[in-house]
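Novice: File upload-v9.cif follows (mmCIF, C-alpha atoms):
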data_my_file
loop_
_atom_site.label_atom_id
_atom_site.label_comp_id
_atom_site.auth_asym_id
_atom_site.auth_seq_id
_atom_site.Cartn_x
_atom_site.Cartn_y
_atom_site.Cartn_z
CA MET A 28 260.62 -21.50 31.71
CA ILE A 29 259.69 -21.72 28.03
CA ALA A 30 256.03 -20.91 27.35
CA PHE A 31 254.48 -21.80 24.01
CA CYS A 32 250.92 -20.56 24.43
CA TYR A 33 248.80 -17.72 25.80
CA TYR A 34 246.52 -18.63 28.67
CA ASN A 35 243.05 -17.17 28.82
CA SER A 36 241.03 -18.87 31.51
CA SER A 37 237.95 -18.40 33.67
CA MET A 38 236.21 -19.87 36.70
CA SER A 39 234.05 -22.49 38.27
CA ARG A 40 233.46 -24.63 41.35
CA ARG A 41 234.38 -22.59 44.31
CA GLN A 42 233.56 -21.97 47.88
CA ARG A 43 230.27 -21.73 49.60
CA GLY A 44 230.89 -18.91 52.05
CA ARG A 45 234.28 -17.23 52.18
CA HIS A 46 236.76 -20.06 52.48
CA ARG A 47 234.84 -23.30 52.03
CA ARG A 48 234.79 -25.14 48.76
CA LEU A 49 231.35 -26.11 47.50
CA LEU A 50 230.71 -29.78 48.27
CA PRO A 51 228.60 -32.10 46.09
CA VAL A 52 224.95 -31.46 46.85
CA ALA A 53 222.70 -34.38 47.64
CA ALA A 54 219.31 -34.67 46.05
CA GLY A 55 216.79 -32.64 48.02
CA THR A 56 213.05 -32.45 48.27
CA LEU A 57 211.27 -31.98 44.97
CA LEU A 58 209.76 -28.52 44.98
CA GLN A 59 208.17 -28.18 41.57
CA ALA A 60 208.27 -29.23 37.96
CA CYS A 61 209.43 -26.25 35.94
CA THR A 62 207.44 -27.31 32.91
CA PRO A 63 204.48 -29.68 33.09
CA GLY A 64 204.85 -32.50 30.61
CA SER A 65 201.88 -33.94 28.77
CA ASP A 66 203.78 -37.15 27.98
CA GLY A 67 206.35 -38.50 30.40
CA PRO A 68 208.39 -36.55 32.93
CA PRO A 69 208.87 -32.77 32.61
CA PRO A 70 212.01 -31.54 30.80
CA SER A 71 213.17 -29.70 33.95
CA ILE A 72 212.71 -30.12 37.69
CA GLN A 73 213.60 -27.87 40.60
CA ARG A 74 214.51 -29.01 44.08
CA ASP A 75 216.18 -27.62 47.17
CA SER A 76 219.11 -28.94 49.17
CA ALA A 77 220.77 -27.26 52.14
CA GLY A 78 219.47 -23.86 51.04
CA ILE A 79 220.70 -24.22 47.47
CA THR A 80 218.18 -24.40 44.64
CA ILE A 81 218.99 -27.06 42.04
CA VAL A 82 217.41 -26.85 38.59
CA GLU A 83 218.05 -29.96 36.51
CA SER A 84 217.01 -30.33 32.86
CA VAL A 85 216.91 -33.70 31.14
CA ARG A 86 215.96 -32.36 27.71
CA PRO A 87 215.51 -28.95 26.05
CA ALA A 88 212.12 -27.25 26.08
CA TRP A 89 212.38 -26.53 22.33
CA GLY A 90 212.65 -30.20 21.38
CA ASP A 91 213.54 -33.68 22.50
CA SER A 92 217.23 -33.75 21.52
CA ALA A 93 220.37 -31.91 22.59
CA GLN A 94 220.27 -29.78 19.43
CA ALA A 95 216.55 -29.00 19.69
CA ASP A 96 214.27 -28.45 16.73
CA PRO A 97 215.16 -25.17 14.91
CA THR A 98 211.67 -25.12 13.39
CA ASP A 99 210.07 -24.91 16.85
CA PRO A 100 208.04 -21.66 16.88
CA ASN A 101 209.38 -20.88 20.37
CA ALA A 102 213.05 -21.24 19.38
CA TRP A 103 215.26 -18.16 19.23
CA ARG A 104 217.13 -17.29 16.03
CA ILE A 105 220.05 -15.14 14.93
CA ASP A 106 219.73 -13.52 11.51
CA PRO A 107 223.07 -14.07 9.68
CA GLN A 108 222.59 -10.85 7.68
CA PRO A 109 224.22 -8.03 9.66
CA VAL A 110 222.27 -5.03 10.84
CA LEU A 111 225.60 -3.18 10.93
CA ASP A 112 229.15 -3.99 9.81
CA LEU A 113 231.73 -1.56 11.20
CA SER A 114 234.25 -2.58 8.54
CA GLU A 115 231.84 -1.30 5.89
CA SER A 116 230.17 1.64 7.67
CA GLY A 117 233.05 3.95 6.87
CA THR A 118 236.52 4.17 5.36
CA GLY A 119 240.03 4.64 6.66
CA ASP A 120 242.14 3.00 9.33
CA ALA A 121 239.40 3.30 11.95
CA HIS A 122 237.30 0.78 10.01
CA SER A 123 240.14 -1.71 9.60
CA PHE A 124 240.34 -4.18 12.47
CA TYR A 125 242.93 -6.63 13.74
CA GLN A 126 242.96 -8.73 16.92
CA VAL A 127 239.58 -7.57 18.21
CA ARG A 128 239.31 -8.57 21.88
CA GLY A 129 235.99 -7.06 22.81
CA MET A 130 232.87 -5.36 21.51
CA THR A 131 229.89 -4.00 23.43
CA ARG A 132 227.21 -1.30 23.38
CA LEU A 133 227.05 1.68 25.74
CA PRO A 134 223.80 2.94 27.32
CA ASP A 135 223.69 5.83 24.82
CA GLY A 136 223.51 3.34 21.93
CA SER A 137 227.07 3.78 20.71
CA LEU A 138 229.38 0.82 20.13
CA VAL A 139 232.89 0.35 21.49
CA VAL A 140 235.48 -2.08 20.12
CA LEU A 141 238.82 -3.07 21.62
CA ASN A 142 241.23 -3.35 18.69
CA ALA A 143 244.25 -4.98 20.31
CA GLY A 144 246.24 -4.80 17.08
CA SER A 145 246.61 -1.05 17.69
CA ASP A 146 246.01 -1.13 21.47
CA GLU A 147 243.10 1.27 21.21
CA ILE A 148 239.40 1.57 21.91
CA ARG A 149 237.27 2.77 19.02
CA GLN A 150 233.84 4.24 19.62
CA PHE A 151 231.15 4.38 16.92
CA SER A 152 227.68 5.87 16.82
CA ALA A 153 224.66 3.58 16.51
CA ASP A 154 224.82 3.92 12.70
CA GLY A 155 228.54 3.00 12.56
CA THR A 156 230.07 6.48 12.27
CA LEU A 157 233.39 6.87 14.05
CA VAL A 158 233.01 8.98 17.20
CA GLY A 159 236.64 8.75 18.24
CA SER A 160 239.44 6.47 19.41
CA PHE A 161 241.57 6.48 22.52
CA GLY A 162 244.36 4.50 24.10
CA GLY A 163 247.16 3.52 21.77
CA SER A 164 250.41 1.67 22.33
CA GLY A 165 252.89 3.10 24.80
CA GLN A 166 255.99 1.30 25.99
CA ALA A 167 256.21 3.66 28.94
CA GLN A 168 252.44 3.33 29.37
CA GLY A 169 251.59 6.99 29.65
CA PRO A 170 248.15 8.05 30.90
CA GLY A 171 245.48 6.27 28.88
CA GLU A 172 247.99 4.20 26.87
CA PHE A 173 248.15 0.40 26.81
CA THR A 174 251.02 -2.03 26.45
CA ASN A 175 248.94 -5.16 25.84
CA ALA A 176 245.21 -4.47 26.14
CA GLN A 177 243.45 -7.71 27.00
CA GLN A 178 239.81 -7.02 27.82
CA LEU A 179 237.00 -4.50 27.44
CA GLU A 180 234.37 -4.16 30.17
CA VAL A 181 231.56 -1.62 30.63
CA ALA A 182 230.09 -0.52 33.94
CA GLY A 183 227.12 1.69 33.08
CA GLY A 184 228.56 4.46 30.91
CA THR A 185 232.09 3.81 32.19
CA ILE A 186 234.59 1.96 29.99
CA LEU A 187 237.24 -0.22 31.59
CA VAL A 188 240.26 -1.61 29.76
CA VAL A 189 242.30 -4.41 31.34
CA ASP A 190 245.99 -4.15 30.43
CA ARG A 191 248.78 -6.50 31.48
CA ASP A 192 249.89 -6.86 35.11
CA GLY A 193 246.48 -5.92 36.47
CA VAL A 194 246.42 -2.30 35.25
CA ILE A 195 242.84 -1.06 34.71
CA SER A 196 242.20 2.16 32.77
CA VAL A 197 238.82 3.75 33.57
CA PHE A 198 237.28 6.10 30.97
CA GLY A 199 234.20 8.26 31.33
CA PRO A 200 232.02 9.86 28.61
CA GLY A 201 233.94 11.87 26.09
CA PRO A 202 235.88 9.66 26.43
CA VAL A 203 237.95 11.06 29.30
CA LEU A 204 240.46 9.10 31.34
CA ILE A 205 239.17 9.12 34.91
CA ARG A 206 241.85 7.04 36.57
CA GLU A 207 244.27 4.18 36.23
CA THR A 208 244.05 1.47 38.85
CA ARG A 209 246.33 -1.46 39.54
CA LEU A 210 244.71 -4.60 40.86
CA ALA A 211 246.61 -7.76 41.74
CA ARG A 212 249.27 -8.88 39.30
CA ARG A 213 248.24 -11.74 37.01
CA THR A 214 244.66 -10.41 36.84
CA LEU A 215 243.18 -12.18 33.80
CA ALA A 216 239.84 -10.39 33.56
CA VAL A 217 237.31 -8.31 35.46
CA HIS A 218 233.51 -8.39 35.52
CA THR A 219 231.06 -5.80 36.82
CA ILE A 220 229.03 -6.73 39.90
CA GLU A 221 226.53 -4.41 41.53
CA ALA A 222 227.15 -0.66 41.58
CA GLY A 223 230.77 0.35 41.41
CA ARG A 224 232.23 -3.08 42.17
CA LEU A 225 234.32 -5.50 40.14
CA LEU A 226 235.03 -9.19 40.27
CA ALA A 227 238.65 -9.99 39.35
CA ARG A 228 240.00 -13.38 38.28
CA ILE A 229 243.59 -13.87 39.42
CA VAL A 230 245.98 -16.77 38.77
CA PRO A 231 249.05 -17.68 40.80
CA PRO A 232 252.48 -18.06 39.18
CA ILE A 233 252.30 -20.99 36.76
CA PRO A 234 253.86 -24.08 38.39
CA GLU A 235 257.12 -25.35 36.94
CA PHE A 236 256.36 -29.02 37.39
CA GLY A 237 253.44 -31.41 37.33
CA ARG A 238 252.78 -32.66 33.79
CA LEU A 239 248.96 -32.54 33.49
CA THR A 240 247.72 -30.21 36.21
CA ARG A 241 245.05 -27.61 36.80
CA VAL A 242 245.95 -24.09 37.85
CA PRO A 243 243.38 -22.66 40.32
CA GLU A 244 242.25 -19.05 40.27
CA THR A 245 241.25 -16.72 43.08
CA LEU A 246 238.12 -14.56 42.89
CA ARG A 247 238.43 -11.10 44.49
CA THR A 248 236.10 -8.14 44.61
CA TYR A 249 237.27 -4.54 44.18
CA ARG A 250 235.79 -1.08 43.99
CA LEU A 251 236.32 0.93 40.82
CA ASP A 252 239.06 2.94 42.53
CA GLY A 253 241.04 -0.26 43.11
CA SER A 254 240.37 -0.53 46.83
CA GLY A 255 239.17 -3.74 48.38
CA GLY A 256 240.63 -6.93 46.99
CA ASP A 257 238.58 -9.22 49.23
CA SER A 258 238.78 -12.91 48.34
CA ILE A 259 235.37 -14.56 47.97
CA GLY A 260 236.53 -17.97 46.78
CA TRP A 261 238.42 -19.78 44.06
CA THR A 262 237.83 -21.84 40.95
CA PRO A 263 239.68 -24.79 39.36
CA GLY A 264 240.96 -22.50 36.60
CA TYR A 265 242.52 -24.15 33.57
CA GLU A 266 244.41 -27.32 32.72
CA ASP A 267 248.11 -27.05 31.90
CA TYR A 268 250.64 -29.63 30.71
CA VAL A 269 254.18 -29.04 31.97
CA VAL A 270 257.34 -31.09 31.52
CA GLY A 271 260.57 -29.57 32.77
CA ASP A 272 260.95 -26.10 31.25
CA MET A 273 258.24 -26.64 28.61
CA ARG A 274 254.48 -26.24 28.78
CA ILE A 275 251.59 -26.54 26.37
CA VAL A 276 247.80 -26.39 26.36
CA PRO A 277 246.50 -29.98 26.80
CA LEU A 278 244.29 -31.69 24.25
CA PHE A 279 240.62 -30.82 24.90
CA GLN A 280 241.74 -28.40 27.61
CA LYS A 281 239.22 -27.82 30.40
CA LYS A 282 239.00 -24.32 31.81
CA ALA A 283 236.52 -22.54 34.00
CA VAL A 284 234.23 -19.74 32.79
CA VAL A 285 232.60 -16.79 34.55
CA ASP A 286 230.13 -13.98 33.91
CA THR A 287 228.04 -11.66 36.04
CA HIS A 288 224.49 -10.33 35.98
CA GLY A 289 223.42 -7.67 38.43
CA GLY A 290 224.82 -8.64 41.81
CA ARG A 291 225.15 -12.33 40.93
CA ILE A 292 228.18 -14.30 39.74
CA PHE A 293 227.82 -17.28 37.39
CA THR A 294 230.63 -19.80 37.10
CA GLY A 295 231.29 -23.24 35.67
CA SER A 296 234.27 -25.58 35.71
CA SER A 297 233.48 -27.16 32.29
CA ASP A 298 233.92 -30.62 33.86
CA ARG A 299 230.19 -31.16 33.45
CA MET A 300 227.27 -29.33 31.89
CA GLN A 301 226.56 -27.30 35.01
CA VAL A 302 226.54 -23.64 36.06
CA GLU A 303 226.68 -22.31 39.62
CA GLU A 304 225.21 -19.00 40.72
CA MET A 305 226.71 -17.08 43.66
CA THR A 306 226.02 -13.89 45.52
CA ALA A 307 228.62 -11.11 45.45
CA ALA A 308 229.81 -12.42 48.82
CA GLY A 309 230.62 -15.83 47.36
CA ASP A 310 227.65 -17.85 48.65
CA THR A 311 226.27 -20.43 46.22
CA VAL A 312 222.49 -20.04 45.82
CA ARG A 313 221.68 -22.05 42.65
CA ILE A 314 223.04 -24.94 40.63
CA LEU A 315 221.81 -25.25 37.04
CA ARG A 316 222.46 -28.66 35.53
CA LEU A 317 221.86 -30.39 32.19
CA ALA A 318 221.82 -34.14 32.74
CA PRO A 319 222.58 -36.40 31.13
CA TYR A 320 224.86 -34.66 28.60
CA ALA A 321 227.38 -36.76 26.70
CA LEU A 322 230.99 -35.58 27.07
CA ALA A 323 232.88 -38.79 26.28
CA VAL A 324 235.75 -38.61 23.75
CA SER A 325 236.67 -41.69 21.73
CA GLU A 326 240.31 -42.67 21.28
CA ALA A 327 240.00 -42.02 17.54
CA ARG A 328 238.74 -38.47 18.18
CA ALA A 329 241.53 -37.81 20.69
CA VAL A 330 244.15 -39.04 18.21
CA ALA A 331 242.66 -36.82 15.49
CA GLU A 332 242.94 -33.86 17.86
CA ARG A 333 246.59 -34.66 18.56
CA ASP A 334 247.29 -34.95 14.83
CA ALA A 335 245.63 -31.57 14.23
CA ARG A 336 247.86 -30.03 16.89
CA LEU A 337 250.96 -31.51 15.25
CA ASP A 338 249.87 -30.04 11.91
CA THR A 339 249.41 -26.53 13.29
CA PRO A 340 251.19 -23.95 11.07
CA THR A 341 254.21 -22.37 12.71
CA PRO A 342 255.44 -18.76 12.26
CA GLN A 343 257.21 -18.17 8.93
CA GLY A 344 256.66 -21.82 8.06
CA ARG A 345 259.49 -22.98 10.30
CA PRO A 346 259.46 -26.61 11.43
CA MET A 347 258.05 -27.29 14.88
CA PRO A 348 260.86 -27.59 17.47
CA PRO A 349 261.57 -31.32 18.06
CA ARG A 350 261.16 -31.04 21.85
CA PHE A 351 257.83 -29.30 21.41
CA ARG A 352 256.65 -31.94 18.94
CA GLN A 353 257.69 -34.71 21.33
CA LEU A 354 255.77 -33.01 24.12
CA ILE A 355 252.59 -33.10 22.05
CA GLU A 356 253.11 -36.74 21.10
CA ASP A 357 253.63 -37.72 24.74
CA MET A 358 250.57 -35.90 26.10
CA PRO A 359 247.88 -38.18 27.58
CA LEU A 360 244.83 -38.69 25.38
CA PRO A 361 241.69 -37.28 27.04
CA THR A 362 238.62 -39.45 27.58
CA THR A 363 236.18 -36.54 28.07
CA ARG A 364 235.70 -33.13 26.49
CA PRO A 365 234.97 -29.80 28.19
CA ALA A 366 231.27 -29.17 28.53
CA TYR A 367 231.64 -25.62 27.17
CA ALA A 368 234.22 -23.03 26.19
CA ASP A 369 232.47 -19.76 27.03
CA MET A 370 229.48 -18.33 28.89
CA ILE A 371 227.53 -15.08 28.52
CA VAL A 372 224.62 -14.00 30.72
CA ASP A 373 222.44 -11.62 28.72
CA PRO A 374 220.55 -8.56 30.09
CA ALA A 375 217.39 -10.64 30.64
CA GLY A 376 219.31 -13.16 32.76
CA ALA A 377 219.37 -15.96 30.16
CA ILE A 378 222.58 -18.01 30.24
CA TRP A 379 224.32 -18.82 26.96
CA LEU A 380 226.93 -21.61 26.79
CA ARG A 381 229.23 -22.16 23.82
CA PRO A 382 230.01 -25.88 23.50
CA PHE A 383 233.70 -26.71 23.24
CA ARG A 384 235.07 -27.39 19.76
CA GLY A 385 238.53 -28.91 19.27
CA MET A 386 241.04 -28.03 16.56
CA SER A 387 239.99 -31.17 14.66
CA GLU A 388 236.31 -30.25 14.92
CA GLY A 389 236.30 -26.79 13.31
CA GLY A 390 234.10 -25.60 10.48
CA GLY A 391 230.40 -24.88 10.21
CA PRO A 392 228.11 -22.80 12.42
CA GLU A 393 228.16 -23.07 16.21
CA SER A 394 225.14 -23.89 18.35
CA TRP A 395 225.09 -22.17 21.74
CA LEU A 396 223.00 -23.79 24.48
CA VAL A 397 220.55 -21.45 26.22
CA LEU A 398 219.07 -21.59 29.73
CA ASP A 399 216.26 -19.21 30.64
CA PRO A 400 216.57 -16.94 33.73
CA GLY A 401 214.93 -19.65 35.81
CA GLY A 402 217.65 -22.11 34.81
CA ARG A 403 215.52 -24.20 32.47
CA TRP A 404 217.29 -25.58 29.38
CA LEU A 405 215.52 -24.03 26.39
CA GLY A 406 217.58 -25.46 23.52
CA SER A 407 220.26 -24.28 21.10
CA VAL A 408 220.67 -21.13 19.00
CA GLU A 409 222.76 -21.36 15.84
CA VAL A 410 225.52 -18.79 15.41
CA PRO A 411 226.65 -18.14 11.80
CA GLU A 412 229.86 -19.79 10.65
CA GLY A 413 232.96 -17.68 11.19
CA PHE A 414 231.25 -15.40 13.73
CA HIS A 415 232.83 -14.96 17.18
CA VAL A 416 230.33 -13.70 19.79
CA TRP A 417 231.50 -10.94 22.14
CA ASP A 418 228.25 -9.73 23.67
CA ILE A 419 224.53 -10.57 23.63
CA GLY A 420 221.72 -8.05 24.09
CA ILE A 421 217.96 -8.37 24.23
CA ASP A 422 217.50 -8.19 20.46
CA GLU A 423 221.06 -8.30 19.11
CA VAL A 424 224.30 -10.23 19.13
CA LEU A 425 227.63 -8.39 18.85
CA GLY A 426 230.73 -10.07 17.53
CA VAL A 427 233.33 -10.40 14.82
CA TRP A 428 232.89 -12.24 11.53
CA HIS A 429 236.01 -13.51 9.76
CA ASP A 430 235.78 -13.57 5.97
CA GLU A 431 237.56 -16.02 3.65
CA LEU A 432 240.75 -13.89 3.84
CA ASP A 433 240.49 -13.83 7.66
CA VAL A 434 239.67 -10.10 7.62
CA GLN A 435 237.78 -9.13 10.77
CA HIS A 436 234.33 -7.53 10.53
CA PRO A 437 232.78 -6.30 13.83
CA ARG A 438 229.07 -6.83 13.29
CA VAL A 439 225.67 -6.43 14.89
CA LEU A 440 223.28 -9.31 14.17
CA ARG A 441 219.55 -9.36 14.93
CA LEU A 442 218.38 -11.78 17.64
CA GLU A 443 214.77 -12.93 17.50
CA ARG A 444 213.24 -14.21 20.71
CA ASP A 445 209.98 -15.75 19.64
CA GLY A 446 209.46 -17.77 22.79
#
Produce structure tokens that represent the structure in this file.
Specialist:
Amino acid sequence: MIAFCYYNSSMSRRQRGRHRRLLPVAAGTLLQACTPGSDGPPPSIQRDSAGITIVESVRPAWGDSAQADPTDPNAWRIDPQPVLDLSESGTGDAHSFYQVRGMTRLPDGSLVVLNAGSDEIRQFSADGTLVGSFGGSGQAQGPGEFTNAQQLEVAGGTILVVDRDGVISVFGPGPVLIRETRLARRTLAVHTIEAGRLLARIVPPIPEFGRLTRVPETLRTYRLDGSGGDSIGWTPGYEDYVVGDMRIVPLFQKKAVVDTHGGRIFTGSSDRMQVEEMTAAGDTVRILRLAPYALAVSEARAVAERDARLDTPTPQGRPMPPRFRQLIEDMPLPTTRPAYADMIVDPAGAIWLRPFRGMSEGGGPESWLVLDPGGRWLGSVEVPEGFHVWDIGIDEVLGVWHDELDVQHPRVLRLERDG
């Protein structure tokens, strides 16, 4: 099998209970209007059906359009001027970054960054001073070394690093390597749920046939020591396009997303502007929906996306392999776009959704959609151009800004919640 892309997927529609897929929920009895409207219907309503709460928003609370009014005094804002830039807070190799795959803040106020280019975790004080680094590349993968570090996750003051083949390195304060744990092979990512428990996203072997297909993922829960592995459901996973021994990411690829908050799991398939909330046991308790939300893709837009894919630079400027080019040209043109490409649930329980942007739609700042902890659609928050969000706090956003030379700058930006 010849693979031409790296797959990084997430979750979505799954089971209600242990082994039952969530069925479409019929409209239930209207319980309350989330926001009383002075003119016309309220922007959000809440109802109940078969024990599941459904919160449906027809327009954002910060305005009457999908983008919302940025001048609304209740709207949240991100200051583009960094509070801290780790590329400029010191000198030397420790302040030079490449292939950052995670950034978050520890309870003591320090910052940790996963720099995959050197397969190491770098820890900095709150003012950006290097505290230390650990990990490092190791072909034999000695204790605390990584071969292909993929993800950074924090559980309290404990740092977890997801390496390939489901290997999890657990570090305590110091940092000190506490243990290495192997979860199921093909573990894509882990998320913290409750005290000392993890949610793992696991994909099966990629099918060798099928043309346009969707590869489902299993959700399993583990303890930090690697015990457990109980399945609590599955998600649709990501779309894949396979012909013979060749595969490629489809145009406007749909993939599921997942995040956790406390003991709850939030997932979405990206087929529609909807998020589902589950307990740690896999029971669906809430559905948060934005309707209507336009996701149609015109033929002209789909063709532009295909042309952008065909114009993608190849390593060392080599021409694209003819079979690979033919595969792109033969791919079906999508008629809808993914509803979102990423999701983060912040410490207050607000849900942030990053709308999908195709290769032909790049450039300019991004506008993340925000739902409050009650599931009500608040509006959109603009993220500065060139800034990739890794984590969101109460009053800050952590991420990496790419300058005009594509140099990576891990930054802390101020988040103002005026609402």
Novice: Quick one: which segment 318-392 of chain A residues come within 8 Å of segment 274-290 of chain A, and what is the nearest atom pair for each with the distance in Å to one decimal, counting all atoms listed in the file, rows ordered by chain and ascending number, as CSV?
Specialist:
residue,atom,partner,partner_atom,distance
A:Ala329,CA,A:Leu278,CA,7.6
A:Glu332,CA,A:Leu278,CA,6.9
A:Arg333,CA,A:Leu278,CA,6.8
A:Ile355,CA,A:Ile275,CA,7.9
A:Met358,CA,A:Pro277,CA,7.2
A:Leu360,CA,A:Leu278,CA,7.1
A:Pro361,CA,A:Leu278,CA,6.8
A:Thr363,CA,A:Phe279,CA,7.9
A:Arg364,CA,A:Phe279,CA,5.7
A:Pro365,CA,A:Lys281,CA,5.2
A:Ala368,CA,A:Val284,CA,7.4
A:Asp369,CA,A:Val284,CA,6.0
A:Met370,CA,A:Val284,CA,6.3
A:Ile371,CA,A:Asp286,CA,6.1
A:Val372,CA,A:Asp286,CA,6.4
A:Asp373,CA,A:His288,CA,7.7
A:Pro374,CA,A:His288,CA,7.3
A:Gly376,CA,A:His288,CA,6.7
A:Gly385,CA,A:Phe279,CA,6.3
Novice: Need to verify the contact set: Val110 of chain A, 7 Å, all atoms listed in the file, exclusion of same-chain residues closer than 2 positions in sequence. Can you return it as a list in words?
Specialist: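 Residues near the query, excluding close chain neighbours: Gln108, Val439, Leu440 and Arg441 of chain A.
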Novice: Expand the PyMOL selection byres ((chain A and resi 240-251) around 7) into the individual residues it matches in the shown file, reporting them as a PDB file with C-alpha atoms, keeping the file's coordinate frame.
Specialist:
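The file below, part10.pdb, is the result:
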ATOM      1  CA  GLY A 223     230.770   0.350  41.410  1.00  0.00           C
ATOM      2  CA  ARG A 224     232.230  -3.080  42.170  1.00  0.00           C
ATOM      3  CA  LEU A 225     234.320  -5.500  40.140  1.00  0.00           C
ATOM      4  CA  LEU A 226     235.030  -9.190  40.270  1.00  0.00           C
ATOM      5  CA  ALA A 227     238.650  -9.990  39.350  1.00  0.00           C
ATOM      6  CA  ARG A 228     240.000 -13.380  38.280  1.00  0.00           C
ATOM      7  CA  ILE A 229     243.590 -13.870  39.420  1.00  0.00           C
ATOM      8  CA  VAL A 230     245.980 -16.770  38.770  1.00  0.00           C
ATOM      9  CA  PRO A 231     249.050 -17.680  40.800  1.00  0.00           C
ATOM     10  CA  GLY A 237     253.440 -31.410  37.330  1.00  0.00           C
ATOM     11  CA  ARG A 238     252.780 -32.660  33.790  1.00  0.00           C
ATOM     12  CA  LEU A 239     248.960 -32.540  33.490  1.00  0.00           C
ATOM     13  CA  ASP A 252     239.060   2.940  42.530  1.00  0.00           C
ATOM     14  CA  GLY A 253     241.040  -0.260  43.110  1.00  0.00           C
ATOM     15  CA  SER A 254     240.370  -0.530  46.830  1.00  0.00           C
ATOM     16  CA  GLY A 255     239.170  -3.740  48.380  1.00  0.00           C
ATOM     17  CA  GLY A 256     240.630  -6.930  46.990  1.00  0.00           C
ATOM     18  CA  ASP A 257     238.580  -9.220  49.230  1.00  0.00           C
ATOM     19  CA  SER A 258     238.780 -12.910  48.340  1.00  0.00           C
ATOM     20  CA  ILE A 259     235.370 -14.560  47.970  1.00  0.00           C
ATOM     21  CA  GLY A 260     236.530 -17.970  46.780  1.00  0.00           C
ATOM     22  CA  TRP A 261     238.420 -19.780  44.060  1.00  0.00           C
ATOM     23  CA  THR A 262     237.830 -21.840  40.950  1.00  0.00           C
ATOM     24  CA  PRO A 263     239.680 -24.790  39.360  1.00  0.00           C
ATOM     25  CA  GLY A 264     240.960 -22.500  36.600  1.00  0.00           C
ATOM     26  CA  TYR A 265     242.520 -24.150  33.570  1.00  0.00           C
ATOM     27  CA  GLU A 266     244.410 -27.320  32.720  1.00  0.00           C
ATOM     28  CA  ASP A 267     248.110 -27.050  31.900  1.00  0.00           C
ATOM     29  CA  TYR A 268     250.640 -29.630  30.710  1.00  0.00           C
TER      30      TYR A 268
END
Novice: Give the padded box for segment 354-358 of chain A as lines of an AutoDock Vina configuration file: axis-aligned, covering all atoms listed in the file, 6 Å on each side, centre and edge lengths in Å to one decimal.
Specialist:
center_x = 253.2
center_y = -35.4
center_z = 23.6
size_x = 17.2
size_y = 16.7
size_z = 17.0
Novice: What separation in Å, quoted to one decimal, exists between atom CA of Arg381 of chain A and atom CA of Leu396 of chain A?
Specialist: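 Atom CA of Leu396 of chain A lies at a distance of 6.5 Å from atom CA of Arg381 of chain A.
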Novice: Quick one: distance from atom CA of Pro411 of chain A to atom CA of Phe383 of chain A in Å, one decimal?
Specialist: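 Answer for the atom CA of Pro411 of chain A to atom CA of Phe383 of chain A separation: 15.9 Å.
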Novice: Please extract segment 382-390 of chain A and write it out with N, CA, C and O atoms, as a short mmCIF file (atom, residue, chain, number, x, y, z; two decimals), in the first residue's frame.
Specialist:
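And here is the file that came out, part.cif:
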data_model
loop_
_atom_site.label_atom_id
_atom_site.label_comp_id
_atom_site.auth_asym_id
_atom_site.auth_seq_id
_atom_site.Cartn_x
_atom_site.Cartn_y
_atom_site.Cartn_z
N PRO A 382 -14.17 26.68 11.90
CA PRO A 382 -14.76 26.32 10.61
C PRO A 382 -13.72 25.78 9.65
O PRO A 382 -12.56 26.22 9.66
N PHE A 383 -14.12 24.83 8.83
CA PHE A 383 -13.21 24.23 7.86
C PHE A 383 -12.83 25.26 6.80
O PHE A 383 -13.64 26.06 6.36
N ARG A 384 -11.56 25.20 6.39
CA ARG A 384 -11.06 26.07 5.32
C ARG A 384 -10.24 25.22 4.36
O ARG A 384 -9.27 24.58 4.76
N GLY A 385 -10.65 25.19 3.09
CA GLY A 385 -9.95 24.38 2.09
C GLY A 385 -8.65 25.01 1.65
O GLY A 385 -8.34 26.17 1.97
N MET A 386 -7.87 24.24 0.87
CA MET A 386 -6.59 24.74 0.37
C MET A 386 -6.78 25.97 -0.51
O MET A 386 -5.93 26.84 -0.56
N SER A 387 -7.91 26.04 -1.20
CA SER A 387 -8.19 27.17 -2.10
C SER A 387 -8.81 28.34 -1.36
O SER A 387 -9.11 29.37 -1.98
N GLU A 388 -8.99 28.21 -0.05
CA GLU A 388 -9.68 29.25 0.72
C GLU A 388 -8.78 29.85 1.80
O GLU A 388 -9.27 30.48 2.74
N GLY A 389 -7.47 29.65 1.70
CA GLY A 389 -6.56 30.13 2.72
C GLY A 389 -6.38 31.64 2.69
O GLY A 389 -6.82 32.33 1.78
N GLY A 390 -5.71 32.14 3.71
CA GLY A 390 -5.43 33.57 3.79
C GLY A 390 -6.42 34.30 4.68
O GLY A 390 -7.61 33.97 4.70
#
